[in-house]
>>> print(open('query.cif').read())   # mmCIF, C-alpha atoms
data_run
#
loop_
_atom_site.label_atom_id
_atom_site.label_comp_id
_atom_site.auth_asym_id
_atom_site.auth_seq_id
_atom_site.Cartn_x
_atom_site.Cartn_y
_atom_site.Cartn_z
CA MET A 1 0.00 0.00 0.00
CA PRO A 2 1.21 3.59 -0.60
CA THR A 3 2.52 5.35 2.50
CA GLN A 4 3.59 8.93 3.13
CA PRO A 5 4.71 11.16 6.02
CA PHE A 6 2.10 13.12 7.96
CA ASP A 7 3.52 15.32 10.72
CA PHE A 8 1.44 17.64 12.89
CA LEU A 9 1.70 19.79 16.01
CA ASN A 10 0.55 18.72 19.47
CA ALA A 11 -1.12 21.08 21.93
CA ALA A 12 2.29 22.35 23.06
CA GLY A 13 3.39 23.16 19.51
CA GLU A 14 5.77 20.19 19.29
CA ARG A 15 5.96 18.34 16.00
CA LEU A 16 4.74 14.74 16.13
CA SER A 17 5.84 12.27 13.47
CA GLY A 18 3.22 10.25 11.63
CA ARG A 19 2.80 7.99 8.63
CA LEU A 20 -0.33 7.72 6.52
CA GLU A 21 -1.16 4.30 5.13
CA LEU A 22 -3.18 4.98 1.99
CA PRO A 23 -5.56 2.72 0.10
CA VAL A 24 -5.08 2.24 -3.62
CA GLY A 25 -7.69 4.64 -4.94
CA PRO A 26 -10.07 6.81 -2.88
CA ALA A 27 -10.42 5.97 0.83
CA ARG A 28 -13.89 4.97 2.05
CA ALA A 29 -12.99 6.31 5.51
CA TRP A 30 -10.05 7.38 7.70
CA ALA A 31 -8.79 5.80 10.90
CA LEU A 32 -6.37 6.73 13.66
CA PHE A 33 -4.11 4.07 15.23
CA ALA A 34 -2.71 4.48 18.75
CA HIS A 35 0.31 2.31 19.51
CA CYS A 36 1.07 0.46 22.73
CA PHE A 37 2.98 2.10 25.61
CA THR A 38 6.52 3.08 24.45
CA CYS A 39 6.12 1.06 21.21
CA GLY A 40 5.98 3.82 18.60
CA LYS A 41 4.31 4.04 15.21
CA ASP A 42 6.82 1.65 13.59
CA ASN A 43 5.99 -1.22 15.92
CA ILE A 44 5.37 -4.37 13.89
CA ALA A 45 1.73 -4.65 14.94
CA ALA A 46 1.05 -0.97 14.21
CA VAL A 47 2.50 -1.23 10.71
CA ARG A 48 0.86 -4.54 9.82
CA ILE A 49 -2.59 -3.63 11.08
CA SER A 50 -2.54 -0.16 9.51
CA ARG A 51 -1.49 -1.50 6.13
CA ARG A 52 -4.05 -4.29 6.27
CA LEU A 53 -6.79 -1.77 6.96
CA ALA A 54 -5.54 0.36 4.06
CA GLY A 55 -5.88 -2.72 1.89
CA ALA A 56 -9.54 -2.81 2.91
CA GLY A 57 -10.01 0.77 1.74
CA VAL A 58 -9.56 2.53 5.11
CA GLY A 59 -6.74 5.07 5.24
CA VAL A 60 -4.85 5.02 8.57
CA LEU A 61 -2.62 7.48 10.41
CA ARG A 62 -0.15 5.91 12.84
CA PHE A 63 2.07 8.32 14.77
CA ASP A 64 4.60 8.53 17.60
CA PHE A 65 3.23 9.95 20.83
CA THR A 66 5.12 12.92 22.31
CA GLY A 67 8.73 12.06 23.17
CA LEU A 68 8.79 8.75 21.29
CA GLY A 69 10.30 7.74 17.96
CA ARG A 70 10.75 10.74 15.68
CA SER A 71 8.31 12.96 17.58
CA GLU A 72 9.48 16.01 19.48
CA GLY A 73 9.06 16.44 23.22
CA ASP A 74 10.48 14.78 26.30
CA PHE A 75 9.10 11.36 27.20
CA ALA A 76 9.89 12.13 30.86
CA ASP A 77 6.97 14.58 30.70
CA THR A 78 4.55 12.04 29.23
CA SER A 79 1.25 11.09 30.80
CA PHE A 80 -1.91 9.27 29.82
CA SER A 81 -3.69 12.62 29.57
CA LEU A 82 -0.99 13.80 27.16
CA ASN A 83 -1.56 10.71 25.00
CA ILE A 84 -5.26 11.58 24.84
CA ALA A 85 -4.41 15.16 23.86
CA ASP A 86 -2.04 13.87 21.15
CA LEU A 87 -4.87 11.77 19.68
CA VAL A 88 -7.19 14.78 19.64
CA ALA A 89 -4.47 16.84 17.92
CA ALA A 90 -3.90 14.08 15.36
CA ALA A 91 -7.60 13.85 14.56
CA GLY A 92 -7.80 17.63 14.25
CA ALA A 93 -4.88 17.69 11.81
CA MET A 94 -6.45 14.94 9.73
CA ALA A 95 -9.80 16.72 9.63
CA ALA A 96 -8.07 19.92 8.54
CA ALA A 97 -6.44 17.94 5.71
CA GLY A 98 -9.83 16.63 4.55
CA MET A 99 -9.48 13.24 6.25
CA PRO A 100 -11.97 13.18 9.17
CA VAL A 101 -11.31 10.29 11.54
CA MET A 102 -14.27 7.91 11.70
CA LEU A 103 -12.55 4.86 13.20
CA LEU A 104 -10.30 4.74 16.28
CA VAL A 105 -8.01 1.74 16.79
CA GLY A 106 -5.70 1.32 19.77
CA HIS A 107 -3.28 -1.35 21.00
CA SER A 108 -2.67 -1.97 24.71
CA LEU A 109 -2.49 1.42 26.51
CA GLY A 110 -3.23 2.96 23.11
CA GLY A 111 -6.53 1.07 23.23
CA ALA A 112 -7.35 2.69 26.56
CA ALA A 113 -6.35 6.06 25.09
CA VAL A 114 -8.70 5.82 22.09
CA MET A 115 -11.61 4.93 24.40
CA ALA A 116 -10.76 7.98 26.50
CA ALA A 117 -10.32 10.29 23.49
CA ALA A 118 -13.49 9.22 21.66
CA GLY A 119 -15.70 11.59 23.65
CA SER A 120 -13.71 14.54 22.28
CA LEU A 121 -13.86 13.34 18.66
CA PRO A 122 -17.38 13.81 17.29
CA ASP A 123 -16.49 12.40 13.86
CA ALA A 124 -15.46 9.05 15.36
CA ARG A 125 -18.16 6.48 14.63
CA ALA A 126 -16.54 3.34 16.06
CA VAL A 127 -13.74 2.25 18.40
CA ALA A 128 -11.68 -0.95 18.31
CA THR A 129 -9.15 -1.98 20.95
CA ILE A 130 -6.51 -4.70 21.02
CA ALA A 131 -5.23 -6.05 24.35
CA ALA A 132 -6.35 -2.92 26.20
CA PRO A 133 -6.23 -2.66 30.00
CA PHE A 134 -9.35 -1.70 31.94
CA ASP A 135 -7.52 0.18 34.69
CA VAL A 136 -4.77 2.26 33.02
CA ALA A 137 -2.77 2.19 36.26
CA HIS A 138 -2.12 -1.41 35.20
CA VAL A 139 0.98 0.02 33.48
CA LEU A 140 2.56 0.62 36.87
CA ALA A 141 2.50 -3.11 37.58
CA GLN A 142 4.90 -3.57 34.67
CA LEU A 143 7.52 -1.32 36.32
CA ASP A 144 10.14 -2.40 38.83
CA PRO A 145 8.81 -1.55 42.33
CA ASP A 146 12.16 -0.12 43.45
CA ALA A 147 12.38 2.11 40.36
CA LEU A 148 8.78 3.20 40.93
CA ALA A 149 9.56 4.12 44.53
CA ARG A 150 12.59 6.19 43.42
CA ILE A 151 10.47 8.09 40.90
CA GLU A 152 7.87 8.90 43.54
CA ALA A 153 10.59 10.07 45.89
CA ASP A 154 12.78 11.98 43.42
CA GLY A 155 10.16 13.10 40.90
CA GLU A 156 11.87 11.36 37.96
CA GLY A 157 13.82 8.19 37.20
CA VAL A 158 14.77 5.52 34.70
CA VAL A 159 12.70 2.37 34.28
CA ALA A 160 13.15 -0.65 32.02
CA ILE A 161 10.19 -1.35 29.73
CA ALA A 162 10.54 -4.31 27.34
CA ASP A 163 14.27 -4.32 28.20
CA ARG A 164 14.66 -0.70 27.06
CA PRO A 165 15.47 2.19 29.44
CA PHE A 166 13.02 5.11 29.63
CA ARG A 167 13.15 8.18 31.83
CA VAL A 168 9.71 8.89 33.26
CA GLY A 169 8.40 11.43 35.74
CA ARG A 170 6.05 11.28 38.70
CA LYS A 171 3.54 13.08 36.50
CA LEU A 172 2.94 9.84 34.61
CA ILE A 173 2.40 7.82 37.79
CA ASP A 174 0.04 10.36 39.37
CA ASP A 175 -1.89 10.80 36.13
CA LEU A 176 -2.41 7.05 35.64
CA ARG A 177 -3.74 6.68 39.17
CA GLN A 178 -6.24 9.52 38.72
CA GLN A 179 -7.97 8.16 35.62
CA ASP A 180 -11.55 6.90 35.95
CA GLN A 181 -11.51 4.71 32.87
CA GLY A 182 -14.60 2.77 33.90
CA ALA A 183 -16.72 5.94 33.82
CA ARG A 184 -15.33 6.85 30.39
CA ILE A 185 -16.15 3.42 28.99
CA ALA A 186 -19.70 3.57 30.36
CA ALA A 187 -20.16 6.96 28.69
CA LEU A 188 -18.47 6.00 25.42
CA ARG A 189 -21.68 5.72 23.36
CA ARG A 190 -19.80 4.37 20.36
CA PRO A 191 -19.86 0.88 18.85
CA LEU A 192 -16.98 -0.93 20.55
CA LEU A 193 -14.95 -3.93 19.37
CA LEU A 194 -12.67 -5.62 21.90
CA LEU A 195 -9.94 -7.98 20.68
CA HIS A 196 -7.89 -9.81 23.31
CA SER A 197 -5.86 -12.98 23.68
CA PRO A 198 -6.90 -15.41 26.44
CA THR A 199 -3.19 -16.13 26.94
CA ASP A 200 -2.00 -12.50 27.10
CA ALA A 201 0.68 -12.55 29.79
CA VAL A 202 0.98 -8.74 30.01
CA VAL A 203 -2.64 -7.57 30.10
CA GLY A 204 -4.74 -10.46 31.38
CA ILE A 205 -8.03 -11.56 29.86
CA ASP A 206 -9.89 -10.29 32.94
CA ASN A 207 -9.31 -6.76 31.63
CA VAL A 208 -11.46 -7.30 28.56
CA THR A 209 -14.16 -8.81 30.77
CA SER A 210 -14.24 -5.64 32.86
CA ILE A 211 -14.33 -3.40 29.79
CA TYR A 212 -17.12 -5.44 28.22
CA LEU A 213 -19.24 -5.28 31.37
CA ALA A 214 -18.69 -1.52 31.73
CA ALA A 215 -19.48 -0.71 28.09
CA ARG A 216 -22.94 -0.27 26.64
CA HIS A 217 -24.21 -1.96 23.49
CA PRO A 218 -23.36 -2.25 20.68
CA LYS A 219 -20.23 -4.04 21.84
CA SER A 220 -18.42 -7.09 20.49
CA PHE A 221 -15.56 -9.35 21.53
CA VAL A 222 -13.15 -11.32 19.34
CA SER A 223 -10.69 -13.78 20.85
CA LEU A 224 -7.11 -13.58 19.55
CA ASP A 225 -6.52 -17.17 20.57
CA GLY A 226 -2.83 -17.99 20.95
CA ALA A 227 -1.59 -14.45 20.24
CA ASP A 228 0.97 -12.71 22.43
CA HIS A 229 0.46 -9.21 23.78
CA LEU A 230 2.43 -7.45 21.03
CA LEU A 231 0.95 -9.56 18.19
CA GLY A 232 4.45 -10.52 17.12
CA ASN A 233 3.07 -13.18 14.81
CA GLY A 234 2.13 -11.58 11.50
CA ASP A 235 -0.87 -13.88 11.10
CA ASP A 236 -2.30 -12.64 14.42
CA ALA A 237 -1.95 -9.00 13.36
CA ALA A 238 -3.54 -9.76 9.98
CA PHE A 239 -6.45 -11.56 11.66
CA ALA A 240 -7.01 -8.64 14.04
CA ALA A 241 -7.00 -6.16 11.16
CA ASP A 242 -9.42 -8.25 9.10
CA MET A 243 -11.81 -8.54 12.05
CA ILE A 244 -11.67 -4.78 12.63
CA ALA A 245 -12.29 -4.03 8.94
CA ALA A 246 -15.24 -6.43 8.72
CA TRP A 247 -16.81 -5.18 11.96
CA ALA A 248 -16.29 -1.48 11.18
CA SER A 249 -17.90 -1.80 7.77
CA ARG A 250 -21.30 -1.58 9.52
CA TYR A 251 -20.45 1.89 10.80
CA LEU A 252 -18.36 3.38 7.97
CA PRO A 253 -19.50 4.72 4.60
CA PRO A 254 -19.86 2.03 1.92
CA PRO A 255 -16.94 1.49 -0.46
CA LEU A 256 -16.80 4.06 -3.19
CA PRO A 257 -17.92 2.76 -6.58
CA THR A 258 -15.00 1.96 -8.83
CA ALA A 259 -15.01 4.33 -11.76
CA THR A 260 -14.70 2.42 -14.99
CA GLY A 261 -13.59 5.42 -17.04
CA PRO A 262 -12.92 5.42 -20.78
CA PHE A 263 -9.80 3.23 -20.54
CA ASP A 264 -9.16 -0.49 -20.09
CA ALA A 265 -6.31 0.35 -17.71
CA GLU A 266 -4.90 3.48 -16.09
CA ALA A 267 -1.63 4.24 -14.28
CA GLU A 268 -0.94 7.29 -12.13
CA GLU A 269 2.16 8.13 -10.11
CA THR A 270 1.71 7.96 -6.33
CA GLY A 271 4.63 10.29 -5.64
CA LEU A 272 6.36 7.57 -3.59
CA GLY A 273 9.67 6.32 -4.90
CA LYS A 274 10.80 6.75 -8.50
CA PHE A 275 8.35 4.39 -10.17
CA GLN A 276 5.43 3.46 -7.91
CA LEU A 277 2.06 3.71 -9.68
CA ALA A 278 -1.58 3.49 -8.62
CA MET A 279 -3.17 1.18 -11.19
CA ARG A 280 -6.72 0.55 -12.28
CA ALA A 281 -7.60 -2.29 -14.60
CA GLY A 282 -11.29 -3.00 -15.01
CA LYS A 283 -12.72 -2.74 -11.49
CA ALA A 284 -9.46 -3.76 -9.79
CA ALA A 285 -7.05 -1.32 -8.15
CA PHE A 286 -3.46 -2.20 -7.25
CA ILE A 287 0.14 -0.94 -7.17
CA ALA A 288 2.77 -1.36 -9.89
CA ASP A 289 6.47 -0.68 -9.33
CA GLU A 290 10.00 -1.65 -10.28
CA PRO A 291 12.42 -3.74 -8.19
CA GLU A 292 14.73 -2.10 -5.68
CA SER A 293 17.66 -3.21 -7.84
CA VAL A 294 16.72 -0.61 -10.48
CA GLY A 295 15.65 2.15 -8.10
CA GLY A 296 12.04 1.18 -7.36
CA LEU A 297 10.45 0.27 -4.04
CA GLY A 298 9.61 -3.30 -5.06
CA SER A 299 6.05 -2.66 -3.85
CA GLY A 300 4.19 -4.20 -6.78
CA PRO A 301 4.44 -6.10 -10.06
CA THR A 302 6.56 -4.65 -12.85
CA PRO A 303 5.08 -3.83 -16.28
CA TYR A 304 6.52 -7.07 -17.68
CA ASN A 305 5.11 -8.98 -14.67
CA LEU A 306 1.71 -7.63 -15.66
CA LEU A 307 2.23 -8.62 -19.28
CA SER A 308 3.14 -12.13 -18.17
CA ALA A 309 0.11 -12.12 -15.86
CA ALA A 310 -2.17 -11.33 -18.81
CA LEU A 311 -0.84 -14.35 -20.68
CA ALA A 312 -1.14 -16.60 -17.61
CA ALA A 313 -4.73 -15.49 -16.95
CA CYS A 314 -5.84 -15.81 -20.57
CA THR A 315 -4.25 -19.25 -20.93
CA THR A 316 -5.95 -20.58 -17.80
CA MET A 317 -9.35 -19.15 -18.75
CA THR A 318 -9.12 -20.51 -22.29
CA LEU A 319 -8.25 -24.00 -21.05
CA ARG A 320 -11.12 -23.92 -18.56
CA LEU A 321 -13.58 -22.88 -21.27
CA TYR A 322 -12.35 -25.62 -23.62
CA ALA A 323 -12.39 -28.36 -20.94
CA THR A 324 -15.92 -27.37 -19.90
CA ARG A 325 -17.18 -27.49 -23.46
CA LYS A 326 -15.65 -30.94 -23.91
CA GLY A 327 -17.10 -32.16 -20.62
CA TRP A 328 -13.68 -33.30 -19.42
CA PRO A 329 -13.14 -33.93 -15.68
CA VAL A 330 -10.69 -31.09 -15.02
CA SER A 331 -10.74 -30.00 -11.36
CA ARG A 332 -8.08 -27.30 -11.39
CA ILE A 333 -5.83 -25.43 -13.86
CA SER A 334 -2.85 -23.20 -13.13
CA THR A 335 -0.43 -21.49 -15.50
CA GLY A 336 3.03 -20.12 -14.81
CA VAL A 337 4.67 -17.69 -17.26
CA ARG A 338 8.27 -16.51 -17.62
CA HIS A 339 9.54 -13.69 -19.80
CA HIS A 340 13.07 -12.87 -20.90
CA LYS A 341 14.87 -11.10 -23.73
CA GLU A 342 17.40 -12.62 -26.12
CA GLY A 343 19.80 -10.01 -27.43
CA GLY A 344 20.39 -9.99 -31.18
CA ALA A 345 17.31 -12.09 -32.00
CA THR A 346 14.78 -10.88 -34.56
CA LEU A 347 12.08 -11.27 -31.92
CA PRO A 348 13.97 -10.63 -28.65
CA ASP A 349 11.01 -11.15 -26.27
CA VAL A 350 10.54 -14.79 -25.28
CA PHE A 351 7.62 -16.16 -23.21
CA SER A 352 7.58 -19.65 -21.72
CA ARG A 353 4.65 -21.32 -19.97
CA ARG A 354 4.03 -24.24 -17.70
CA VAL A 355 0.45 -25.45 -17.35
CA GLU A 356 -0.67 -27.69 -14.48
CA ILE A 357 -3.95 -29.53 -15.10
CA GLU A 358 -5.56 -31.65 -12.40
CA GLY A 359 -8.10 -34.26 -13.43
CA ALA A 360 -8.54 -37.79 -14.74
CA LEU A 361 -7.37 -37.09 -18.31
CA ASP A 362 -5.60 -39.39 -20.75
CA ASP A 363 -2.46 -38.44 -22.68
CA ALA A 364 -4.41 -37.46 -25.80
CA GLN A 365 -6.62 -35.05 -23.86
CA ARG A 366 -3.63 -33.45 -22.15
CA ALA A 367 -1.87 -33.01 -25.48
CA GLU A 368 -4.98 -31.41 -26.96
CA LEU A 369 -5.18 -28.94 -24.07
CA ALA A 370 -1.51 -28.06 -24.50
CA GLY A 371 -2.27 -27.12 -28.09
CA VAL A 372 -5.28 -25.07 -27.03
CA ALA A 373 -3.02 -22.99 -24.77
CA ASP A 374 -1.25 -21.65 -27.85
CA ARG A 375 -4.56 -20.40 -29.21
CA CYS A 376 -5.57 -18.20 -26.29
CA PRO A 377 -6.34 -14.61 -27.41
CA VAL A 378 -3.46 -12.96 -25.53
CA HIS A 379 -1.02 -15.51 -26.97
CA ARG A 380 -2.27 -14.67 -30.46
CA THR A 381 -2.00 -10.92 -29.79
CA LEU A 382 1.60 -11.21 -28.60
CA GLU A 383 2.52 -13.52 -31.44
CA ALA A 384 0.95 -11.36 -34.18
CA GLY A 385 2.01 -7.99 -32.80
CA ALA A 386 -0.20 -4.93 -32.55
CA ARG A 387 -0.81 -1.48 -34.06
CA PHE A 388 -0.74 1.71 -31.99
CA GLU A 389 -2.70 4.89 -32.48
CA PRO A 390 -0.87 8.19 -31.82
CA THR A 391 -0.52 9.01 -28.13
CA GLU A 392 -2.77 11.85 -26.98
CA ALA A 393 -0.87 14.51 -25.01
CA GLY A 394 -3.38 15.66 -22.42
CA TRP A 395 -0.95 18.08 -20.79
CA ALA A 396 -0.70 20.08 -24.06
CA ALA A 397 -4.48 20.51 -24.10
CA THR A 398 -4.35 21.75 -20.48
CA LEU A 399 -1.70 24.33 -21.36
CA ARG A 400 -3.75 25.59 -24.29
CA ARG A 401 -6.84 26.05 -22.09
CA GLU A 402 -4.83 28.00 -19.55
CA ASP A 403 -3.35 30.19 -22.30
#
>>> encode(input="query.cif", output="structure tokens")
Amino acid sequence: MPTQPFDFLNAAGERLSGRLELPVGPARAWALFAHCFTCGKDNIAAVRISRRLAGAGVGVLRFDFTGLGRSEGDFADTSFSLNIADLVAAAGAMAAAGMPVMLLVGHSLGGAAVMAAAGSLPDARAVATIAAPFDVAHVLAQLDPDALARIEADGEGVVAIADRPFRVGRKLIDDLRQQDQGARIAALRRPLLLLHSPTDAVVGIDNVTSIYLAARHPKSFVSLDGADHLLGNGDDAAFAADMIAAWASRYLPPPLPTATGPFDAEAEETGLGKFQLAMRAGKAAFIADEPESVGGLGSGPTPYNLLSAALAACTTMTLRLYATRKGWPVSRISTGVRHHKEGGATLPDVFSRRVEIEGALDDAQRAELAGVADRCPVHRTLEAGARFEPTEAGWAATLRRED
């Protein structure tokens, strides 16, 4: 999916660093993702879930809270209230850019933060949390008791979180203890989806029980069976994102109709990398690119990959049509295509195919199908060549109108 920077200012005027995960084509809605405590926007779960949602047509902003990652500010001054304020600032910046936030998604303490921030975000239609604690002071149980005591005595100190040192202040501790998260959840008045693993060793499953009981309907629970707290397994993150996308579809605008336009295919630069393109072919939208070895991002098929794909698709469809007409017992067909160039040859472009056909066929039937493959329409087009009409230069027409 295309991605681009999106920085904005927090309430104190400090610049926070964000990344927008963009759908291919127009977004049906926009979401805001809040990462887990100290994780940052580039946490594996944050990236995977945001990109999976973008693949479902929902654009997502993930950003570093104040003092984390590439964001300005001092983490020693952080607090849960500051996280909430950062979310409100992020949503305000997105709305100002024409991307009103309709879906809030939060992981761990970020999940608690989106539930707390929702009341200040009137555009938000739905809230989804992953492994969120009920009592936000739960964070303090993850800190070394001796380090916690030193912070309370000295006003500031260093603690180890996920084996990384962080300097935190007493402001964080006092702020966490003062939060009435139960009252916020009861007053949420937004559709709420709770995702949690029964085996979460950091935030126990009893937390989601408390949230569910405190929340009003509509509310839903999905078990992330076997997942760890950080969703380190890519399949767990993908499952969570798919569940969020399916659930949120009830509360978000319907997908925008795909414009067919006057062309069979269209390509438009995304502005990311040297070659990345937003493609439309028929009603499908996808990314095309070049490999990293030639300066691309490697984020999608190359033009010659697409040409080979056309031959593979046409071959498979033609064989299926022929086998059906013959009444042959073919259960599955797949076609692989390779393309290479032979320097100095009269026809330098060479395509090779391998067709796999499953079914109770005899040798004569298989040979006949192999011959049919050479008669598929795309094969014939490539073999015969093509004529081209003159390219229309739309930019010249634009210049003339402006003149």
>>> residues_near_point(input="query.cif", point="(4.1, 1.9, -10.5)", cutoff="9 Å", atoms="all atoms listed in the file", output="ChimeraX atom specification")
/A:267-270,274-279,287-290,296,299-303
>>> residues_near_point(input="query.cif", point="(12.0, 8.7, 36.0)", cutoff="8 Å", atoms="all atoms listed in the file", output="PyMOL selection string")
chain A and resi 76+147+150-151+155-159+166-170
>>> write_last_selection(input="query.cif", atoms="C-alpha atoms", output="PDB file, in the coordinates of the input")
ATOM      1  CA  ALA A  76       9.890  12.130  30.860  1.00  0.00           C
ATOM      2  CA  ALA A 147      12.380   2.110  40.360  1.00  0.00           C
ATOM      3  CA  ARG A 150      12.590   6.190  43.420  1.00  0.00           C
ATOM      4  CA  ILE A 151      10.470   8.090  40.900  1.00  0.00           C
ATOM      5  CA  GLY A 155      10.160  13.100  40.900  1.00  0.00           C
ATOM      6  CA  GLU A 156      11.870  11.360  37.960  1.00  0.00           C
ATOM      7  CA  GLY A 157      13.820   8.190  37.200  1.00  0.00           C
ATOM      8  CA  VAL A 158      14.770   5.520  34.700  1.00  0.00           C
ATOM      9  CA  VAL A 159      12.700   2.370  34.280  1.00  0.00           C
ATOM     10  CA  PHE A 166      13.020   5.110  29.630  1.00  0.00           C
ATOM     11  CA  ARG A 167      13.150   8.180  31.830  1.00  0.00           C
ATOM     12  CA  VAL A 168       9.710   8.890  33.260  1.00  0.00           C
ATOM     13  CA  GLY A 169       8.400  11.430  35.740  1.00  0.00           C
ATOM     14  CA  ARG A 170       6.050  11.280  38.700  1.00  0.00           C
TER      15      ARG A 170
END
>>> resolve_selection(input="query.cif", expression="the PyMOL selection byres ((chain A and resi 285) around 10)", output="PyMOL selection string")
chain A and resi 23-25+258+265-267+278-284+286-288
>>> atom_distance(input="query.cif", atom1="CA of Ala312 (chain A)", atom2="CA of Gly385 (chain A)")
17.7 Å
>>> atom_distance(input="query.cif", atom1="CA of Ala46 (chain A)", atom2="CA of Val222 (chain A)")
18.3 Å
>>> residues_around(input="query.cif", residues="Ala186 (chain A)", least_positions_apart="3", cutoff="7 Å", atoms="all atoms listed in the file", output="PDB file with C-alpha atoms, in the frame of the given file")
ATOM      1  CA  GLY A 182     -14.600   2.770  33.900  1.00  0.00           C
ATOM      2  CA  ALA A 183     -16.720   5.940  33.820  1.00  0.00           C
ATOM      3  CA  ALA A 214     -18.690  -1.520  31.730  1.00  0.00           C
ATOM      4  CA  ALA A 215     -19.480  -0.710  28.090  1.00  0.00           C
ATOM      5  CA  ARG A 216     -22.940  -0.270  26.640  1.00  0.00           C
TER       6      ARG A 216
END
>>> residues_around(input="query.cif", residues="Leu16 (chain A)", least_positions_apart="4", cutoff="10 Å", atoms="all atoms listed in the file", output="number ranges by chain")
A: 6-10, 63-73, 86, 89-90
>>> atom_distance(input="query.cif", atom1="CA of Leu252 (chain A)", atom2="CA of Leu20 (chain A)")
18.6 Å
>>> resolve_selection(input="query.cif", expression="the PyMOL selection byres ((chain A and resi 340) around 7)", output="PDB file with C-alpha atoms, keeping the file's coordinate frame")
ATOM      1  CA  ARG A 338       8.270 -16.510 -17.620  1.00  0.00           C
ATOM      2  CA  HIS A 339       9.540 -13.690 -19.800  1.00  0.00           C
ATOM      3  CA  LYS A 341      14.870 -11.100 -23.730  1.00  0.00           C
ATOM      4  CA  GLU A 342      17.400 -12.620 -26.120  1.00  0.00           C
ATOM      5  CA  ASP A 349      11.010 -11.150 -26.270  1.00  0.00           C
ATOM      6  CA  VAL A 350      10.540 -14.790 -25.280  1.00  0.00           C
ATOM      7  CA  PHE A 351       7.620 -16.160 -23.210  1.00  0.00           C
TER       8      PHE A 351
END
>>> residues_around(input="query.cif", residues="region 233-248 of chain A", least_positions_apart="3", cutoff="8 Å", atoms="all atoms listed in the file", output="ChimeraX atom specification")
/A:45,48-50,52-53,56,103,126,128,193,195,222,224,227-228,251-252
>>> closest_residue(input="query.cif", among="A:Pro5, A:Pro329, A:Gly119, A:Pro26", to="Arg366 (chain A)", atoms="only C-alpha atoms")
A:Pro329
>>> closest_residue(input="query.cif", among="A:Val372, A:Gln365, A:Ala384, A:Gly106", to="Leu321 (chain A)", atoms="all atoms listed in the file")
A:Val372
>>> residues_around(input="query.cif", residues="Asp135 (chain A)", least_positions_apart="4", cutoff="9 Å", atoms="all atoms listed in the file", output="list in words")
Ala112, Val139, Leu176, Arg177, Gln179, Asp180, Gln181, Gly182 and Asn207 of chain A
>>> axis_aligned_box(input="query.cif", around="region 94-98 of chain A", padding_each_side="3 Å", output="lines of an AutoDock Vina configuration file")
center_x = -8.1
center_y = 17.4
center_z = 7.1
size_x = 9.4
size_y = 11.0
size_z = 11.2
>>> residues_around(input="query.cif", residues="Ala124 (chain A)", least_positions_apart="4", cutoff="7 Å", atoms="all atoms listed in the file", output="PyMOL selection string")
chain A and resi 101-104+118
>>> closest_residue(input="query.cif", among="A:Ala85, A:Pro133, A:Asp154, A:Met115", to="Ala187 (chain A)", atoms="all atoms listed in the file")
A:Met115
>>> resolve_selection(input="query.cif", expression="the PyMOL selection byres ((chain A and resi 229) around 7)", output="PyMOL selection string")
chain A and resi 131+200-202+227-228+230-231
>>> closest_residue(input="query.cif", among="A:Leu369, A:Ala31, A:Leu143, A:Ala309", to="Ala91 (chain A)", atoms="only C-alpha atoms")
A:Ala31
>>> closest_residue(input="query.cif", among="A:Ala393, A:Ile173, A:Val88, A:Leu121", to="Ala149 (chain A)", atoms="all atoms listed in the file")
A:Ile173
